[in-house]
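Shown next: coords_4.cif, given as mmCIF, C-alpha atoms.
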data_entry
#
loop_
_atom_site.label_atom_id
_atom_site.label_comp_id
_atom_site.auth_asym_id
_atom_site.auth_seq_id
_atom_site.Cartn_x
_atom_site.Cartn_y
_atom_site.Cartn_z
CA MET A 188 -11.37 -0.54 3.78
CA ASP A 189 -13.51 -1.43 0.76
CA ARG A 190 -10.64 -1.52 -1.70
CA HIS A 191 -11.48 -5.01 -3.02
CA VAL A 192 -15.24 -4.62 -3.31
CA ASN A 193 -15.16 -3.80 -7.02
CA SER A 194 -13.56 -7.06 -8.11
CA SER A 195 -16.21 -9.07 -6.28
CA THR A 196 -19.28 -7.43 -7.85
CA VAL A 197 -18.52 -8.86 -11.32
CA GLU A 198 -16.23 -11.61 -12.54
CA ALA A 199 -12.87 -9.89 -12.40
CA ARG A 200 -9.94 -10.02 -14.73
CA ARG A 201 -7.06 -11.86 -13.08
CA ALA A 202 -3.64 -10.24 -12.78
CA LEU A 203 -0.42 -11.79 -11.48
CA VAL A 204 2.18 -9.33 -10.17
CA LEU A 205 5.87 -10.21 -9.88
CA HIS A 206 7.57 -7.73 -7.59
CA ASP A 207 9.59 -8.09 -4.40
CA ARG A 208 8.57 -4.78 -2.80
CA PRO A 209 5.28 -4.98 -0.86
CA LEU A 210 4.80 -1.21 -1.12
CA VAL A 211 4.79 -1.36 -4.93
CA VAL A 212 2.57 -4.46 -4.94
CA ASP A 213 0.00 -2.73 -2.74
CA LEU A 214 0.02 0.33 -4.98
CA ILE A 215 -0.49 -1.81 -8.09
CA THR A 216 -3.27 -3.79 -6.40
CA LEU A 217 -5.17 -0.70 -5.31
CA THR A 218 -4.84 0.86 -8.76
CA LEU A 219 -5.97 -2.27 -10.62
CA ASN A 220 -9.14 -2.38 -8.51
CA HIS A 221 -10.45 0.30 -10.88
CA GLY A 222 -10.08 -2.12 -13.78
CA VAL A 223 -11.90 -4.89 -11.94
CA PHE A 224 -8.76 -6.97 -11.55
CA ALA A 225 -8.36 -9.67 -8.92
CA VAL A 226 -4.65 -9.50 -8.07
CA ARG A 227 -2.27 -12.11 -6.74
CA SER A 228 1.39 -11.32 -6.18
CA ALA A 229 4.64 -13.26 -6.12
CA SER A 230 8.05 -12.10 -4.95
CA SER A 231 9.94 -14.97 -6.61
CA LEU A 232 9.77 -17.60 -9.34
CA ALA A 233 8.88 -20.29 -6.80
CA LYS A 234 5.94 -18.29 -5.49
CA ALA A 235 4.75 -17.52 -9.02
CA LYS A 236 4.83 -21.25 -9.83
CA ALA A 237 2.76 -22.02 -6.73
CA ILE A 238 0.11 -19.48 -7.72
CA LEU A 239 -0.07 -20.69 -11.31
CA GLU A 240 -0.72 -24.27 -10.27
CA ASP A 241 -4.41 -23.52 -9.78
CA TRP A 242 -4.91 -19.94 -10.99
CA VAL A 243 -4.64 -18.70 -14.56
CA PRO A 244 -4.11 -14.93 -14.96
CA ASN A 245 -5.53 -12.87 -17.81
CA MET A 246 -2.44 -10.70 -17.66
CA SER A 247 0.67 -10.14 -15.60
CA VAL A 248 2.66 -7.18 -14.32
CA VAL A 249 6.34 -8.15 -14.18
CA ASP A 250 9.24 -6.21 -12.70
CA MET A 251 11.81 -6.56 -15.48
CA ASP A 252 14.58 -5.62 -13.04
CA HIS A 253 13.77 -8.67 -10.88
CA ASP A 254 16.30 -11.51 -11.05
CA ASP A 255 13.51 -14.00 -11.86
CA SER A 256 11.77 -11.90 -14.51
CA THR A 257 13.04 -13.88 -17.53
CA LEU A 258 12.10 -17.22 -15.98
CA VAL A 259 8.67 -15.96 -14.96
CA LEU A 260 8.06 -14.73 -18.52
CA LYS A 261 8.89 -18.22 -19.81
CA LEU A 262 6.58 -19.70 -17.20
CA LEU A 263 3.78 -17.45 -18.39
CA GLY A 264 4.46 -18.33 -22.01
CA ALA A 265 4.79 -14.62 -22.74
CA SER A 266 4.93 -13.58 -26.35
CA ASN A 267 4.46 -10.44 -28.34
CA THR A 268 0.93 -9.51 -29.39
CA MET A 269 1.55 -10.56 -33.00
CA LYS A 270 1.79 -14.20 -31.93
CA ARG A 271 -1.36 -14.00 -29.79
CA SER A 272 -0.29 -16.67 -27.35
CA GLY A 273 0.63 -16.90 -23.71
CA THR A 274 -0.22 -14.42 -20.98
CA PRO A 275 -0.04 -10.73 -21.91
CA VAL A 276 2.56 -8.91 -19.82
CA LEU A 277 3.04 -5.32 -18.74
CA GLY A 278 6.70 -4.89 -17.84
CA LEU A 279 7.98 -2.45 -15.23
CA THR A 280 11.53 -1.09 -15.14
CA ARG A 281 13.49 1.68 -13.49
CA ARG A 282 15.75 1.87 -16.54
CA GLY A 283 14.00 3.85 -19.24
CA ASP A 284 16.66 3.49 -21.94
CA LEU A 285 15.86 2.08 -25.37
CA LYS A 286 18.11 -0.97 -24.93
CA THR A 287 16.21 -2.07 -21.82
CA LYS A 288 12.84 -1.59 -23.52
CA LEU A 289 13.87 -3.50 -26.64
CA ARG A 290 15.15 -6.39 -24.52
CA ALA A 291 11.83 -6.49 -22.69
CA PHE A 292 9.91 -6.69 -25.96
CA ASP A 293 12.26 -9.40 -27.23
CA LEU A 294 11.42 -11.42 -24.11
CA GLY A 295 7.71 -11.20 -24.90
CA VAL A 296 6.49 -8.19 -22.94
CA ASP A 297 3.47 -6.53 -24.57
CA ASP A 298 4.08 -3.10 -23.08
CA ILE A 299 6.67 -1.46 -20.85
CA LEU A 300 6.20 1.19 -18.17
CA THR A 301 9.04 3.10 -16.55
CA MET A 302 8.98 3.52 -12.77
CA PRO A 303 7.95 5.58 -10.97
CA PHE A 304 4.57 5.44 -12.70
CA SER A 305 1.28 7.25 -12.25
CA PRO A 306 -1.69 5.11 -11.15
CA GLU A 307 -3.84 6.17 -14.10
CA GLU A 308 -1.16 5.22 -16.65
CA LEU A 309 -0.63 1.80 -15.06
CA LEU A 310 -4.39 1.20 -15.11
CA ALA A 311 -4.84 2.30 -18.73
CA ARG A 312 -2.04 0.11 -20.04
CA ALA A 313 -3.16 -2.92 -18.02
CA ILE A 314 -6.71 -2.65 -19.35
CA VAL A 315 -5.56 -2.25 -22.94
CA ILE A 316 -3.23 -5.25 -23.05
CA SER A 317 -5.67 -7.54 -21.22
CA ARG A 318 -8.54 -6.50 -23.49
CA ARG A 319 -6.42 -6.89 -26.63
CA ALA A 320 -5.23 -10.36 -25.69
CA THR A 321 -8.32 -11.87 -24.04
CA GLY A 322 -11.26 -10.00 -25.51
CA LEU A 323 -12.55 -9.28 -22.01
CA ASP A 324 -14.20 -5.88 -22.07
CA LEU A 325 -15.09 -5.38 -18.44
CA PRO A 326 -16.15 -1.95 -17.24
CA LEU A 327 -13.73 0.56 -15.83
CA ILE A 328 -14.81 1.64 -12.35
CA PRO A 329 -13.56 5.24 -12.06
CA VAL A 330 -14.53 5.69 -8.41
CA ILE A 331 -13.46 3.42 -5.57
CA LYS A 332 -14.15 3.81 -1.90
CA LEU A 333 -11.32 4.01 0.63
CA GLY A 334 -12.81 4.02 4.07
CA GLU A 335 -15.35 6.82 3.88
CA ILE A 336 -13.82 8.81 1.05
CA GLU A 337 -14.16 8.19 -2.69
CA ILE A 338 -11.41 8.64 -5.25
CA ASP A 339 -12.10 9.17 -8.95
CA ILE A 340 -8.90 8.10 -10.73
CA VAL A 341 -9.94 9.44 -14.15
CA ASN A 342 -10.89 12.96 -13.07
CA ARG A 343 -8.42 13.12 -10.13
CA VAL A 344 -11.22 13.97 -7.75
CA VAL A 345 -11.69 13.08 -4.09
CA ARG A 346 -15.16 13.19 -2.56
CA ALA A 347 -15.87 13.21 1.14
CA GLY A 348 -19.23 14.26 2.47
CA ASP A 349 -20.52 17.06 0.26
CA SER A 350 -17.05 18.29 -0.64
CA VAL A 351 -15.15 17.67 -3.86
CA VAL A 352 -11.37 18.09 -4.11
CA HIS A 353 -9.39 18.18 -7.37
CA LEU A 354 -5.86 16.78 -7.23
CA SER A 355 -2.73 17.23 -9.30
CA GLY A 356 -1.05 14.16 -10.79
CA ILE A 357 1.55 14.00 -8.02
CA GLU A 358 -1.08 14.52 -5.32
CA GLN A 359 -3.14 11.65 -6.72
CA SER A 360 -0.08 9.38 -6.85
CA LEU A 361 0.79 10.36 -3.30
CA LEU A 362 -2.72 9.68 -2.04
CA TYR A 363 -2.81 6.29 -3.76
CA LEU A 364 0.56 5.34 -2.34
CA LEU A 365 -0.47 6.17 1.22
CA ALA A 366 -3.95 4.68 0.82
CA SER A 367 -2.53 1.43 -0.53
CA ARG A 368 -0.79 0.97 2.84
CA ALA A 369 -3.75 2.18 4.90
CA GLY A 370 -3.08 2.09 8.61
CA ARG A 371 0.64 1.47 8.13
CA VAL A 372 3.51 3.94 8.16
CA VAL A 373 5.21 4.87 4.88
CA ASN A 374 8.52 6.61 5.47
CA ARG A 375 9.81 9.57 3.47
CA GLU A 376 12.44 7.54 1.62
CA GLU A 377 9.81 5.08 0.41
CA ILE A 378 7.55 7.91 -0.75
CA LEU A 379 10.43 9.68 -2.47
CA ASP A 380 11.49 6.52 -4.29
CA ALA A 381 7.96 5.51 -5.36
CA ILE A 382 6.77 8.95 -6.55
CA TRP A 383 9.91 10.75 -7.73
CA GLY A 384 12.43 7.97 -8.26
CA VAL A 385 15.89 7.17 -6.96
CA ASP A 386 17.49 10.28 -8.46
CA PHE A 387 15.69 12.57 -6.00
CA VAL A 388 17.42 13.02 -2.66
CA ALA A 389 15.56 15.97 -1.08
CA GLU A 390 13.07 14.55 1.40
CA SER A 391 11.67 18.06 1.87
CA ILE A 392 9.80 17.66 -1.42
CA VAL A 393 7.74 14.92 0.24
CA ASP A 394 6.74 17.16 3.13
CA ARG A 395 5.80 20.00 0.76
CA HIS A 396 3.48 17.82 -1.27
CA ILE A 397 1.99 16.19 1.82
CA ARG A 398 1.26 19.69 3.10
CA SER A 399 -0.38 20.65 -0.19
CA LEU A 400 -2.50 17.50 -0.21
CA ARG A 401 -3.57 18.07 3.38
CA ILE A 402 -4.64 21.62 2.60
CA LYS A 403 -6.84 20.39 -0.23
CA LEU A 404 -8.30 17.67 1.98
CA GLN A 405 -8.78 20.19 4.79
CA ASN A 406 -6.76 17.84 6.92
CA ASP A 407 -5.49 19.39 10.17
CA TYR A 408 -2.29 17.60 11.20
CA ARG A 409 -3.29 18.12 14.85
CA GLN A 410 -6.57 16.26 14.28
CA PRO A 411 -5.86 14.25 11.13
CA ARG A 412 -8.74 12.73 9.18
CA PHE A 413 -6.80 11.25 6.30
CA ILE A 414 -3.03 11.60 6.66
CA ALA A 415 -1.35 11.36 10.04
CA THR A 416 2.27 12.27 10.75
CA VAL A 417 4.21 9.62 12.65
CA PRO A 418 7.10 11.54 14.27
CA SER A 419 10.56 10.48 13.10
CA LYS A 420 9.03 7.81 10.85
CA GLY A 421 6.77 9.15 8.11
CA TYR A 422 3.07 9.30 7.27
CA ARG A 423 0.08 7.03 7.67
CA PHE A 424 -3.24 7.04 5.79
CA ILE A 425 -6.28 6.85 8.06
CA PRO A 426 -8.99 4.81 6.29
CA THR A 427 -11.89 6.35 8.21
CA PHE A 428 -13.51 9.72 7.76
CA SER A 429 -15.74 11.95 9.83
CA ASN A 430 -17.68 14.92 8.48
CA VAL A 431 -17.01 16.74 11.75
CA GLY A 432 -14.73 19.64 10.94
CA TRP A 433 -14.98 19.06 7.19
CA ALA A 434 -15.67 21.95 4.80
CA GLY A 435 -15.36 24.57 7.48
CA GLU A 436 -17.63 22.96 10.06
CA PRO A 437 -16.29 23.41 13.60
CA ALA A 438 -14.69 20.37 15.11
CA THR A 439 -15.98 19.19 18.45
CA GLU A 440 -14.81 16.59 20.93
#
Represent the structure of the file as C-alpha coordinates.
Amino acid sequence: MDRHVNSSTVEARRALVLHDRPLVVDLITLTLNHGVFAVRSASSLAKAKAILEDWVPNMSVVDMDHDDSTLVLKLLGASNTMKRSGTPVLGLTRRGDLKTKLRAFDLGVDDILTMPFSPEELLARAIVISRRATGLDLPLIPVIKLGEIEIDIVNRVVRAGDSVVHLSGIEQSLLYLLASRAGRVVNREEILDAIWGVDFVAESIVDRHIRSLRIKLQNDYRQPRFIATVPSKGYRFIPTFSNVGWAGEPATE
(Lines of atoms letter the chains of each structure in order from A and count residues from 1; the text may use other names and numbers.)
(Lines give C-alpha, C1' and ligand atoms only; values in the text may rest on other atoms or scores of the structure.)
Protein backbone atom coordinates (compact mmCIF):
# COMPACT_ATOMS: atom_id res chain seq x y z
CA MET A 1 0.00 0.00 0.00
CA ASP A 2 1.04 3.61 -0.64
CA ARG A 3 -0.64 5.02 2.43
CA HIS A 4 2.49 6.81 3.71
CA VAL A 5 3.70 8.24 0.42
CA ASN A 6 2.15 11.67 1.02
CA SER A 7 4.09 12.43 4.19
CA SER A 8 7.38 11.70 2.45
CA THR A 9 6.92 14.04 -0.53
CA VAL A 10 7.10 17.19 1.65
CA GLU A 11 8.26 17.82 5.19
CA ALA A 12 5.35 16.48 7.18
CA ARG A 13 3.70 17.75 10.29
CA ARG A 14 4.43 15.41 13.18
CA ALA A 15 1.61 13.90 15.24
CA LEU A 16 1.87 11.76 18.37
CA VAL A 17 -1.12 9.51 19.08
CA LEU A 18 -1.87 8.12 22.54
CA HIS A 19 -4.29 5.23 22.23
CA ASP A 20 -4.14 1.60 23.31
CA ARG A 21 -6.27 0.16 20.48
CA PRO A 22 -4.26 -0.61 17.32
CA LEU A 23 -7.42 -0.50 15.19
CA VAL A 24 -8.10 3.12 16.19
CA VAL A 25 -4.43 4.08 15.80
CA ASP A 26 -4.37 2.69 12.26
CA LEU A 27 -7.55 4.57 11.38
CA ILE A 28 -6.12 7.83 12.73
CA THR A 29 -2.83 7.28 10.91
CA LEU A 30 -4.49 6.62 7.56
CA THR A 31 -6.74 9.66 7.95
CA LEU A 32 -3.92 12.01 8.94
CA ASN A 33 -1.99 11.03 5.80
CA HIS A 34 -4.30 13.49 4.01
CA GLY A 35 -2.96 16.29 6.19
CA VAL A 36 0.64 15.35 5.52
CA PHE A 37 1.21 14.14 9.06
CA ALA A 38 3.96 11.73 10.02
CA VAL A 39 2.41 9.72 12.86
CA ARG A 40 3.97 7.91 15.78
CA SER A 41 1.82 6.14 18.36
CA ALA A 42 2.14 5.20 22.00
CA SER A 43 -0.09 2.91 24.05
CA SER A 44 1.26 4.09 27.42
CA LEU A 45 3.05 6.93 29.20
CA ALA A 46 6.34 5.02 29.09
CA LYS A 47 6.14 4.57 25.33
CA ALA A 48 5.21 8.23 24.85
CA LYS A 49 8.27 9.25 26.88
CA ALA A 50 10.50 7.04 24.73
CA ILE A 51 9.19 8.63 21.53
CA LEU A 52 9.56 12.17 22.84
CA GLU A 53 13.21 11.66 23.74
CA ASP A 54 14.24 12.32 20.14
CA TRP A 55 11.05 13.36 18.32
CA VAL A 56 9.07 16.55 18.85
CA PRO A 57 5.46 16.47 17.61
CA ASN A 58 3.65 19.46 16.13
CA MET A 59 0.44 18.17 17.68
CA SER A 60 -0.94 15.18 19.53
CA VAL A 61 -4.11 13.12 19.49
CA VAL A 62 -4.81 11.88 23.02
CA ASP A 63 -7.43 9.40 24.18
CA MET A 64 -8.83 11.23 27.21
CA ASP A 65 -10.32 7.97 28.50
CA HIS A 66 -6.83 6.43 28.72
CA ASP A 67 -5.46 5.99 32.25
CA ASP A 68 -2.25 7.84 31.28
CA SER A 69 -3.93 10.73 29.47
CA THR A 70 -3.38 13.34 32.22
CA LEU A 71 0.29 12.43 32.64
CA VAL A 72 0.87 12.47 28.88
CA LEU A 73 -0.71 15.92 28.67
CA LYS A 74 1.71 17.14 31.34
CA LEU A 75 4.56 15.53 29.45
CA LEU A 76 3.54 17.38 26.31
CA GLY A 77 3.24 20.65 28.20
CA ALA A 78 -0.32 20.95 26.90
CA SER A 79 -2.07 24.23 27.42
CA ASN A 80 -5.05 26.02 26.03
CA THR A 81 -4.58 28.08 22.86
CA MET A 82 -4.71 31.37 24.79
CA LYS A 83 -1.38 30.56 26.45
CA ARG A 84 0.25 29.53 23.16
CA SER A 85 2.67 27.08 24.73
CA GLY A 86 3.26 23.37 24.71
CA THR A 87 2.04 20.87 22.14
CA PRO A 88 -1.48 21.41 20.77
CA VAL A 89 -3.74 18.47 21.58
CA LEU A 90 -6.86 17.02 20.02
CA GLY A 91 -8.61 14.97 22.68
CA LEU A 92 -10.74 11.91 21.96
CA THR A 93 -13.44 10.58 24.29
CA ARG A 94 -16.35 8.19 24.23
CA ARG A 95 -18.14 10.34 26.80
CA GLY A 96 -19.72 13.29 25.05
CA ASP A 97 -21.12 15.02 28.14
CA LEU A 98 -20.28 18.62 28.98
CA LYS A 99 -18.47 17.72 32.22
CA THR A 100 -16.02 15.47 30.36
CA LYS A 101 -15.36 18.12 27.71
CA LEU A 102 -14.81 20.88 30.27
CA ARG A 103 -12.36 18.69 32.19
CA ALA A 104 -10.46 18.03 28.98
CA PHE A 105 -10.17 21.75 28.27
CA ASP A 106 -9.07 22.40 31.85
CA LEU A 107 -6.27 19.87 31.32
CA GLY A 108 -5.03 21.80 28.28
CA VAL A 109 -6.73 20.10 25.34
CA ASP A 110 -7.24 22.48 22.41
CA ASP A 111 -10.19 20.63 20.92
CA ILE A 112 -12.26 17.56 21.78
CA LEU A 113 -13.80 14.98 19.46
CA THR A 114 -16.35 12.40 20.55
CA MET A 115 -15.87 8.82 19.36
CA PRO A 116 -16.85 7.29 17.07
CA PHE A 117 -15.65 10.02 14.71
CA SER A 118 -15.72 10.50 10.96
CA PRO A 119 -12.34 10.58 9.19
CA GLU A 120 -12.98 13.97 7.60
CA GLU A 121 -13.85 15.60 10.96
CA LEU A 122 -10.73 14.19 12.63
CA LEU A 123 -8.60 15.48 9.75
CA ALA A 124 -10.16 18.96 9.75
CA ARG A 125 -9.72 19.46 13.48
CA ALA A 126 -6.15 18.14 13.47
CA ILE A 127 -5.14 20.51 10.67
CA VAL A 128 -6.77 23.51 12.34
CA ILE A 129 -5.16 23.10 15.76
CA SER A 130 -1.71 22.32 14.34
CA ARG A 131 -1.88 25.31 11.98
CA ARG A 132 -3.12 27.63 14.73
CA ALA A 133 -0.39 26.61 17.15
CA THR A 134 2.62 26.16 14.85
CA GLY A 135 1.92 28.35 11.85
CA LEU A 136 2.60 25.40 9.54
CA ASP A 137 0.31 25.73 6.55
CA LEU A 138 1.04 22.55 4.66
CA PRO A 139 -1.25 21.49 1.84
CA LEU A 140 -4.19 19.19 2.34
CA ILE A 141 -3.92 16.18 0.06
CA PRO A 142 -7.55 15.22 -0.66
CA VAL A 143 -6.74 12.05 -2.61
CA ILE A 144 -4.60 9.21 -1.33
CA LYS A 145 -3.86 5.92 -3.00
CA LEU A 146 -4.69 2.62 -1.34
CA GLY A 147 -3.33 -0.15 -3.46
CA GLU A 148 -4.73 0.62 -6.88
CA ILE A 149 -7.74 2.66 -5.83
CA GLU A 150 -7.86 6.34 -4.90
CA ILE A 151 -9.99 7.85 -2.15
CA ASP A 152 -10.95 11.52 -2.06
CA ILE A 153 -11.78 12.26 1.59
CA VAL A 154 -13.24 15.72 0.92
CA ASN A 155 -15.68 14.73 -1.82
CA ARG A 156 -16.26 11.16 -0.54
CA VAL A 157 -15.28 9.74 -3.90
CA VAL A 158 -13.51 6.50 -4.78
CA ARG A 159 -11.79 6.16 -8.15
CA ALA A 160 -10.70 2.89 -9.67
CA GLY A 161 -9.89 2.63 -13.34
CA ASP A 162 -12.27 4.92 -15.21
CA SER A 163 -15.03 4.57 -12.64
CA VAL A 164 -16.00 7.05 -9.94
CA VAL A 165 -18.05 6.04 -6.88
CA HIS A 166 -19.68 8.48 -4.45
CA LEU A 167 -19.93 7.33 -0.84
CA SER A 168 -22.12 8.25 2.11
CA GLY A 169 -20.47 9.35 5.35
CA ILE A 170 -20.85 5.91 6.94
CA GLU A 171 -19.59 4.17 3.80
CA GLN A 172 -16.50 6.37 3.77
CA SER A 173 -15.84 5.68 7.46
CA LEU A 174 -16.31 1.98 6.86
CA LEU A 175 -13.94 1.96 3.89
CA TYR A 176 -11.29 3.87 5.86
CA LEU A 177 -11.60 1.52 8.80
CA LEU A 178 -11.12 -1.57 6.66
CA ALA A 179 -8.41 0.03 4.52
CA SER A 180 -6.45 1.10 7.59
CA ARG A 181 -6.07 -2.61 8.45
CA ALA A 182 -5.42 -3.70 4.86
CA GLY A 183 -4.82 -7.41 4.55
CA ARG A 184 -5.99 -8.09 8.11
CA VAL A 185 -9.38 -9.23 9.35
CA VAL A 186 -11.63 -6.75 11.16
CA ASN A 187 -14.45 -8.49 12.99
CA ARG A 188 -18.03 -7.24 13.17
CA GLU A 189 -17.78 -6.19 16.81
CA GLU A 190 -14.75 -4.01 16.06
CA ILE A 191 -16.52 -2.42 13.09
CA LEU A 192 -19.67 -1.84 15.12
CA ASP A 193 -17.75 -0.23 17.96
CA ALA A 194 -15.58 1.99 15.71
CA ILE A 195 -18.34 3.23 13.38
CA TRP A 196 -21.53 3.21 15.47
CA GLY A 197 -20.28 3.12 19.05
CA VAL A 198 -20.78 0.84 22.03
CA ASP A 199 -24.52 1.50 22.28
CA PHE A 200 -25.23 -0.41 19.06
CA VAL A 201 -25.64 -4.15 19.47
CA ALA A 202 -27.09 -5.28 16.12
CA GLU A 203 -24.24 -6.71 14.07
CA SER A 204 -26.62 -6.98 11.11
CA ILE A 205 -26.17 -3.24 10.53
CA VAL A 206 -22.53 -3.94 9.68
CA ASP A 207 -23.44 -6.52 7.06
CA ARG A 208 -26.04 -4.19 5.50
CA HIS A 209 -23.57 -1.37 5.08
CA ILE A 210 -20.83 -3.69 3.83
CA ARG A 211 -23.31 -4.93 1.23
CA SER A 212 -24.16 -1.37 0.21
CA LEU A 213 -20.49 -0.44 -0.07
CA ARG A 214 -19.76 -3.52 -2.14
CA ILE A 215 -22.58 -2.71 -4.54
CA LYS A 216 -21.17 0.76 -5.12
CA LEU A 217 -17.68 -0.66 -5.60
CA GLN A 218 -19.08 -3.35 -7.90
CA ASN A 219 -17.42 -5.84 -5.61
CA ASP A 220 -18.62 -9.43 -6.08
CA TYR A 221 -18.20 -11.28 -2.78
CA ARG A 222 -17.45 -14.45 -4.77
CA GLN A 223 -14.53 -12.72 -6.53
CA PRO A 224 -13.75 -9.82 -4.19
CA ARG A 225 -11.60 -6.95 -5.42
CA PHE A 226 -11.76 -4.73 -2.37
CA ILE A 227 -13.61 -6.31 0.56
CA ALA A 228 -13.39 -10.02 1.26
CA THR A 229 -15.59 -11.92 3.71
CA VAL A 230 -13.69 -14.13 6.13
CA PRO A 231 -16.26 -16.73 7.26
CA SER A 232 -17.07 -16.65 10.98
CA LYS A 233 -14.56 -13.84 11.51
CA GLY A 234 -15.35 -10.63 9.65
CA TYR A 235 -14.08 -8.66 6.66
CA ARG A 236 -10.71 -7.91 5.11
CA PHE A 237 -9.71 -5.07 2.77
CA ILE A 238 -7.74 -6.22 -0.28
CA PRO A 239 -5.17 -3.54 -1.16
CA THR A 240 -4.87 -4.53 -4.81
CA PHE A 241 -7.22 -3.85 -7.67
CA SER A 242 -7.78 -5.26 -11.12
CA ASN A 243 -9.84 -3.59 -13.84
CA VAL A 244 -11.02 -7.02 -14.94
CA GLY A 245 -14.71 -7.21 -14.19
CA TRP A 246 -14.91 -3.55 -13.20
CA ALA A 247 -17.67 -1.29 -14.56
CA GLY A 248 -19.52 -4.12 -16.20
CA GLU A 249 -16.57 -5.71 -18.00
CA PRO A 250 -16.78 -9.51 -17.96
CA ALA A 251 -14.47 -11.22 -15.54
CA THR A 252 -12.16 -13.87 -16.89
CA GLU A 253 -9.85 -16.39 -15.29
(message) Which residues, named as in the file, does the PyMOL selection byres ((chain A and resi 416) around 12) pick out? Answer as JSON, numbers by chain.
(response) {"A": [365, 370, 371, 372, 373, 374, 375, 394, 397, 398, 401, 406, 407, 408, 409, 410, 411, 412, 413, 414, 415, 417, 418, 419, 420, 421, 422, 423, 424, 425]}
(request) Mind giving me the straight-line distance from atom CA of A:Val296 to atom CA of A:Ala313 in Å, one decimal? (result)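 We find that atom CA of A:Val296 and atom CA of A:Ala313 lie 12.0 Å from each other.
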Go through stretch 276-315 of chain A residue by residue and, counting all atoms listed in the file, keep those with an atom at most 12 Å from stretch 216-222 of chain A; for each kept residue give the shortest atom pair and its distance in Å to one decimal, ordered by chain and increasing number, as a tab-separated table.
residue	atom	partner	partner_atom	distance
A:Phe304	CA	A:Thr218	CA	11.2
A:Ser305	CA	A:Thr218	CA	9.5
A:Pro306	CA	A:Thr218	CA	5.8
A:Glu307	CA	A:Thr218	CA	7.6
A:Glu308	CA	A:Thr218	CA	9.7
A:Leu309	CA	A:Thr218	CA	7.6
A:Leu310	CA	A:Leu219	CA	5.9
A:Ala311	CA	A:Gly222	CA	8.5
A:Arg312	CA	A:Gly222	CA	10.4
A:Ala313	CA	A:Leu219	CA	7.9
A:Ile314	CA	A:Gly222	CA	6.5
A:Val315	CA	A:Gly222	CA	10.2
(request) Using the chain letters and numbering of this document, enumerate as number ranges by chain the residues selected by the PyMOL selection byres ((chain A and resi 278-281) around 6). (result) A: 248-252, 277, 282, 299-302
(request) Do a neighbour search on stretch 237-245 of chain A at 7 Å with all atoms listed in the file, toss out local chain neighbours closer than 3 positions, and write the hits as a list of chain:residue names. (result)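 My list of contacting residues is A:Arg200, A:Arg201, A:Ala202, A:Leu203, A:Ala233, A:Lys234, A:Thr274, A:Ser317, A:Thr321.
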(request) Compare A:His206, A:Ala389, A:Met246, A:Ile402 by their minimum atom-to-atom distance to A:Gly322, counting all atoms listed in the file, and give me the closest one. (result)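 The answer is A:Met246, which sits nearest to A:Gly322.
Taking all atoms listed in the file into account, A:Val344 lies nearest to A:Lys403 out of the set A:Ala320, A:Lys403, A:Val393, A:Pro303.
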(message) One number please: atom CA of A:Val345 to atom CA of A:Tyr363, in Å, one decimal.
(response) 11.2 Å
(message) Please report the interatomic distance between atom CA of A:Leu232 and atom CA of A:Val259 in Å with one decimal.
(response)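 Computing the Euclidean distance for atom CA of A:Leu232 and atom CA of A:Val259 yields 6.0 Å.
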Applying the PyMOL selection byres ((chain A and resi 352) around 12) to the file I just gave you, which residues come out? Please list them as a PDB file with C-alpha atoms, in the coordinates of the input.
ATOM      1  CA  ILE A 336     -13.820   8.810   1.050  1.00  0.00           C
ATOM      2  CA  GLU A 337     -14.160   8.190  -2.690  1.00  0.00           C
ATOM      3  CA  ILE A 338     -11.410   8.640  -5.250  1.00  0.00           C
ATOM      4  CA  ASP A 339     -12.100   9.170  -8.950  1.00  0.00           C
ATOM      5  CA  ASN A 342     -10.890  12.960 -13.070  1.00  0.00           C
ATOM      6  CA  ARG A 343      -8.420  13.120 -10.130  1.00  0.00           C
ATOM      7  CA  VAL A 344     -11.220  13.970  -7.750  1.00  0.00           C
ATOM      8  CA  VAL A 345     -11.690  13.080  -4.090  1.00  0.00           C
ATOM      9  CA  ARG A 346     -15.160  13.190  -2.560  1.00  0.00           C
ATOM     10  CA  ALA A 347     -15.870  13.210   1.140  1.00  0.00           C
ATOM     11  CA  GLY A 348     -19.230  14.260   2.470  1.00  0.00           C
ATOM     12  CA  ASP A 349     -20.520  17.060   0.260  1.00  0.00           C
ATOM     13  CA  SER A 350     -17.050  18.290  -0.640  1.00  0.00           C
ATOM     14  CA  VAL A 351     -15.150  17.670  -3.860  1.00  0.00           C
ATOM     15  CA  HIS A 353      -9.390  18.180  -7.370  1.00  0.00           C
ATOM     16  CA  LEU A 354      -5.860  16.780  -7.230  1.00  0.00           C
ATOM     17  CA  SER A 355      -2.730  17.230  -9.300  1.00  0.00           C
ATOM     18  CA  GLU A 358      -1.080  14.520  -5.320  1.00  0.00           C
ATOM     19  CA  GLN A 359      -3.140  11.650  -6.720  1.00  0.00           C
ATOM     20  CA  SER A 399      -0.380  20.650  -0.190  1.00  0.00           C
ATOM     21  CA  LEU A 400      -2.500  17.500  -0.210  1.00  0.00           C
ATOM     22  CA  ARG A 401      -3.570  18.070   3.380  1.00  0.00           C
ATOM     23  CA  ILE A 402      -4.640  21.620   2.600  1.00  0.00           C
ATOM     24  CA  LYS A 403      -6.840  20.390  -0.230  1.00  0.00           C
ATOM     25  CA  LEU A 404      -8.300  17.670   1.980  1.00  0.00           C
ATOM     26  CA  GLN A 405      -8.780  20.190   4.790  1.00  0.00           C
ATOM     27  CA  ASN A 406      -6.760  17.840   6.920  1.00  0.00           C
ATOM     28  CA  TRP A 433     -14.980  19.060   7.190  1.00  0.00           C
ATOM     29  CA  ALA A 434     -15.670  21.950   4.800  1.00  0.00           C
TER      30      ALA A 434
END
(request) Between A:Val341, A:Lys288, A:Ser231, A:Val226, single out the one closest to A:Ser247, counting only C-alpha atoms. (result)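 Counting only C-alpha atoms, the residue closest to A:Ser247 is A:Val226.
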(request) Counting only C-alpha atoms, figure out which residue out of A:Gly384, A:Pro326, A:Gly264, A:Pro426 gets nearest to A:Leu362. (result) A:Pro426
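Using only C-alpha atoms for every distance, the candidate list A:Asp298, A:Asp293, A:Asp284, A:Asp207 yields A:Asp207 as the residue closest to A:Asp254.
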(message) Using all atoms listed in the file, can you tell me which of A:Leu325, A:Ser228, A:Lys236, A:Arg395 comes closest to A:Leu214?
(response)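 Using all atoms listed in the file, A:Leu214 sits closest to A:Ser228.
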